[in-house]
Amino acid sequence: MPEGTVSDDVGSKLLFENDRVRVWDLRLEPGQSTGLHRHTEDYLYVVIGGGALKGSDGEPREMADGHVVFREIPGEDVHEAVNAGDEPWRNIIVELKD
């Protein structure tokens, strides 16, 4: 994807979609970025294995296996996330379509 392009793909691989939810698997190697992507739906993610993720504010956040984060999206949120840890990062993202 060209630099500066914003993707609608919020994960590495789309696992499931129906009229109510979209489920993504996100995997990042140490130092790897998601690239800029767009959220237009409320979503939650479940951390698998733990690690550190750096978000838009630039601060790494340590999260343990099973940690759940919910984000309400009023309109649109464009950002990127970076694996700030020494191990591969993985989470499952569930976008709520209605």
# chains A, B, ... in the order shown; residues from 1 in each chain; ligands from 1
call {"tool": "select_by_dssp", "arguments": {"residues": "chain A", "states": "strand (DSSP E or B)", "output": "ChimeraX atom specification"}}
result
/A:7,13-17,21-28,33,37-39,43-47,51-54,60-63,68-71,77-79,82-83,89-96
call {"tool": "closest_residue", "arguments": {"among": "A:Asp25, A:Ile48, A:Thr34, A:Ser7", "to": "A:Glu87", "atoms": "only C-alpha atoms"}}
result
A:Ile48
call {"tool": "closest_residue", "arguments": {"among": "A:Pro74, A:Asp42, A:His79, A:His67", "to": "A:Thr5", "atoms": "only C-alpha atoms"}}
result
A:His79
call {"tool": "residues_around", "arguments": {"residues": "A:Val68", "least_positions_apart": "5", "cutoff": "12 Å", "atoms": "only C-alpha atoms", "output": "PDB file with all heavy atoms, in the first residue's frame"}}
result
ATOM      1  N   TYR A  43     -15.774  -1.148  18.197  1.00  0.00           N
ATOM      2  CA  TYR A  43     -15.098  -2.441  18.140  1.00  0.00           C
ATOM      3  C   TYR A  43     -14.497  -2.796  19.485  1.00  0.00           C
ATOM      4  O   TYR A  43     -14.355  -1.960  20.369  1.00  0.00           O
ATOM      5  CB  TYR A  43     -14.024  -2.455  17.050  1.00  0.00           C
ATOM      6  CG  TYR A  43     -12.822  -1.573  17.317  1.00  0.00           C
ATOM      7  CD1 TYR A  43     -11.651  -2.098  17.864  1.00  0.00           C
ATOM      8  CD2 TYR A  43     -12.836  -0.219  17.016  1.00  0.00           C
ATOM      9  CE1 TYR A  43     -10.546  -1.294  18.101  1.00  0.00           C
ATOM     10  CE2 TYR A  43     -11.737   0.590  17.238  1.00  0.00           C
ATOM     11  CZ  TYR A  43     -10.595   0.045  17.779  1.00  0.00           C
ATOM     12  OH  TYR A  43      -9.507   0.849  18.008  1.00  0.00           O
ATOM     13  N   LEU A  44     -14.148  -4.059  19.610  1.00  0.00           N
ATOM     14  CA  LEU A  44     -13.390  -4.524  20.761  1.00  0.00           C
ATOM     15  C   LEU A  44     -12.297  -5.439  20.248  1.00  0.00           C
ATOM     16  O   LEU A  44     -12.389  -5.970  19.142  1.00  0.00           O
ATOM     17  CB  LEU A  44     -14.289  -5.236  21.773  1.00  0.00           C
ATOM     18  CG  LEU A  44     -15.001  -6.493  21.299  1.00  0.00           C
ATOM     19  CD1 LEU A  44     -14.188  -7.731  21.658  1.00  0.00           C
ATOM     20  CD2 LEU A  44     -16.377  -6.574  21.925  1.00  0.00           C
ATOM     21  N   TYR A  45     -11.241  -5.567  21.047  1.00  0.00           N
ATOM     22  CA  TYR A  45     -10.231  -6.559  20.709  1.00  0.00           C
ATOM     23  C   TYR A  45      -9.808  -7.324  21.950  1.00  0.00           C
ATOM     24  O   TYR A  45      -9.865  -6.822  23.061  1.00  0.00           O
ATOM     25  CB  TYR A  45      -9.048  -5.972  19.954  1.00  0.00           C
ATOM     26  CG  TYR A  45      -8.174  -4.969  20.668  1.00  0.00           C
ATOM     27  CD1 TYR A  45      -7.102  -5.369  21.455  1.00  0.00           C
ATOM     28  CD2 TYR A  45      -8.400  -3.606  20.508  1.00  0.00           C
ATOM     29  CE1 TYR A  45      -6.282  -4.437  22.071  1.00  0.00           C
ATOM     30  CE2 TYR A  45      -7.586  -2.673  21.116  1.00  0.00           C
ATOM     31  CZ  TYR A  45      -6.528  -3.092  21.893  1.00  0.00           C
ATOM     32  OH  TYR A  45      -5.719  -2.168  22.504  1.00  0.00           O
ATOM     33  N   VAL A  46      -9.433  -8.580  21.708  1.00  0.00           N
ATOM     34  CA  VAL A  46      -8.986  -9.482  22.756  1.00  0.00           C
ATOM     35  C   VAL A  46      -7.535  -9.826  22.464  1.00  0.00           C
ATOM     36  O   VAL A  46      -7.205 -10.323  21.384  1.00  0.00           O
ATOM     37  CB  VAL A  46      -9.834 -10.770  22.782  1.00  0.00           C
ATOM     38  CG1 VAL A  46      -9.363 -11.696  23.903  1.00  0.00           C
ATOM     39  CG2 VAL A  46     -11.315 -10.444  22.925  1.00  0.00           C
ATOM     40  N   VAL A  47      -6.656  -9.543  23.437  1.00  0.00           N
ATOM     41  CA  VAL A  47      -5.225  -9.798  23.286  1.00  0.00           C
ATOM     42  C   VAL A  47      -4.955 -11.289  23.472  1.00  0.00           C
ATOM     43  O   VAL A  47      -5.471 -11.917  24.390  1.00  0.00           O
ATOM     44  CB  VAL A  47      -4.421  -8.979  24.314  1.00  0.00           C
ATOM     45  CG1 VAL A  47      -2.937  -9.284  24.217  1.00  0.00           C
ATOM     46  CG2 VAL A  47      -4.694  -7.488  24.129  1.00  0.00           C
ATOM     47  N   ILE A  48      -4.134 -11.826  22.582  1.00  0.00           N
ATOM     48  CA  ILE A  48      -3.738 -13.233  22.657  1.00  0.00           C
ATOM     49  C   ILE A  48      -2.234 -13.286  22.896  1.00  0.00           C
ATOM     50  O   ILE A  48      -1.448 -12.849  22.048  1.00  0.00           O
ATOM     51  CB  ILE A  48      -4.112 -13.976  21.365  1.00  0.00           C
ATOM     52  CG1 ILE A  48      -5.625 -13.916  21.182  1.00  0.00           C
ATOM     53  CG2 ILE A  48      -3.604 -15.411  21.394  1.00  0.00           C
ATOM     54  CD1 ILE A  48      -6.121 -14.500  19.904  1.00  0.00           C
ATOM     55  N   GLY A  50      -0.337 -11.606  25.064  1.00  0.00           N
ATOM     56  CA  GLY A  50       0.257 -10.458  25.744  1.00  0.00           C
ATOM     57  C   GLY A  50       1.314  -9.756  24.917  1.00  0.00           C
ATOM     58  O   GLY A  50       1.684 -10.194  23.833  1.00  0.00           O
ATOM     59  N   MET A  63      -0.073  -5.227  27.729  1.00  0.00           N
ATOM     60  CA  MET A  63      -1.354  -5.914  27.891  1.00  0.00           C
ATOM     61  C   MET A  63      -1.096  -7.403  28.043  1.00  0.00           C
ATOM     62  O   MET A  63      -0.252  -7.962  27.348  1.00  0.00           O
ATOM     63  CB  MET A  63      -2.255  -5.640  26.698  1.00  0.00           C
ATOM     64  CG  MET A  63      -2.760  -4.206  26.651  1.00  0.00           C
ATOM     65  SD  MET A  63      -3.761  -3.872  25.206  1.00  0.00           S
ATOM     66  CE  MET A  63      -2.608  -2.905  24.252  1.00  0.00           C
ATOM     67  N   ASN A  91      -3.943 -10.090  18.290  1.00  0.00           N
ATOM     68  CA  ASN A  91      -5.248  -9.883  18.912  1.00  0.00           C
ATOM     69  C   ASN A  91      -6.339 -10.206  17.903  1.00  0.00           C
ATOM     70  O   ASN A  91      -6.100 -10.304  16.709  1.00  0.00           O
ATOM     71  CB  ASN A  91      -5.406  -8.485  19.531  1.00  0.00           C
ATOM     72  CG  ASN A  91      -5.416  -7.354  18.555  1.00  0.00           C
ATOM     73  OD1 ASN A  91      -5.698  -7.504  17.375  1.00  0.00           O
ATOM     74  ND2 ASN A  91      -5.107  -6.174  19.022  1.00  0.00           N
ATOM     75  N   ILE A  92      -7.522 -10.409  18.434  1.00  0.00           N
ATOM     76  CA  ILE A  92      -8.718 -10.636  17.620  1.00  0.00           C
ATOM     77  C   ILE A  92      -9.587  -9.394  17.769  1.00  0.00           C
ATOM     78  O   ILE A  92      -9.885  -8.964  18.887  1.00  0.00           O
ATOM     79  CB  ILE A  92      -9.493 -11.893  18.065  1.00  0.00           C
ATOM     80  CG1 ILE A  92      -8.625 -13.140  17.940  1.00  0.00           C
ATOM     81  CG2 ILE A  92     -10.800 -12.027  17.281  1.00  0.00           C
ATOM     82  CD1 ILE A  92      -8.217 -13.509  16.526  1.00  0.00           C
ATOM     83  N   ILE A  93      -9.947  -8.784  16.647  1.00  0.00           N
ATOM     84  CA  ILE A  93     -10.746  -7.562  16.622  1.00  0.00           C
ATOM     85  C   ILE A  93     -12.159  -7.912  16.173  1.00  0.00           C
ATOM     86  O   ILE A  93     -12.334  -8.608  15.164  1.00  0.00           O
ATOM     87  CB  ILE A  93     -10.152  -6.535  15.633  1.00  0.00           C
ATOM     88  CG1 ILE A  93      -8.698  -6.239  15.994  1.00  0.00           C
ATOM     89  CG2 ILE A  93     -10.993  -5.264  15.608  1.00  0.00           C
ATOM     90  CD1 ILE A  93      -7.918  -5.581  14.876  1.00  0.00           C
ATOM     91  N   VAL A  94     -13.143  -7.420  16.902  1.00  0.00           N
ATOM     92  CA  VAL A  94     -14.554  -7.628  16.542  1.00  0.00           C
ATOM     93  C   VAL A  94     -15.177  -6.264  16.321  1.00  0.00           C
ATOM     94  O   VAL A  94     -15.322  -5.477  17.267  1.00  0.00           O
ATOM     95  CB  VAL A  94     -15.312  -8.399  17.636  1.00  0.00           C
ATOM     96  CG1 VAL A  94     -16.778  -8.593  17.234  1.00  0.00           C
ATOM     97  CG2 VAL A  94     -14.642  -9.740  17.937  1.00  0.00           C
TER      98      VAL A  94
END
call {"tool": "residues_around", "arguments": {"residues": "stretch 16-18 of chain A", "least_positions_apart": "2", "cutoff": "12 Å", "atoms": "only C-alpha atoms", "output": "PyMOL selection string"}}
result
chain A and resi 11+13-14+20-25+92-98
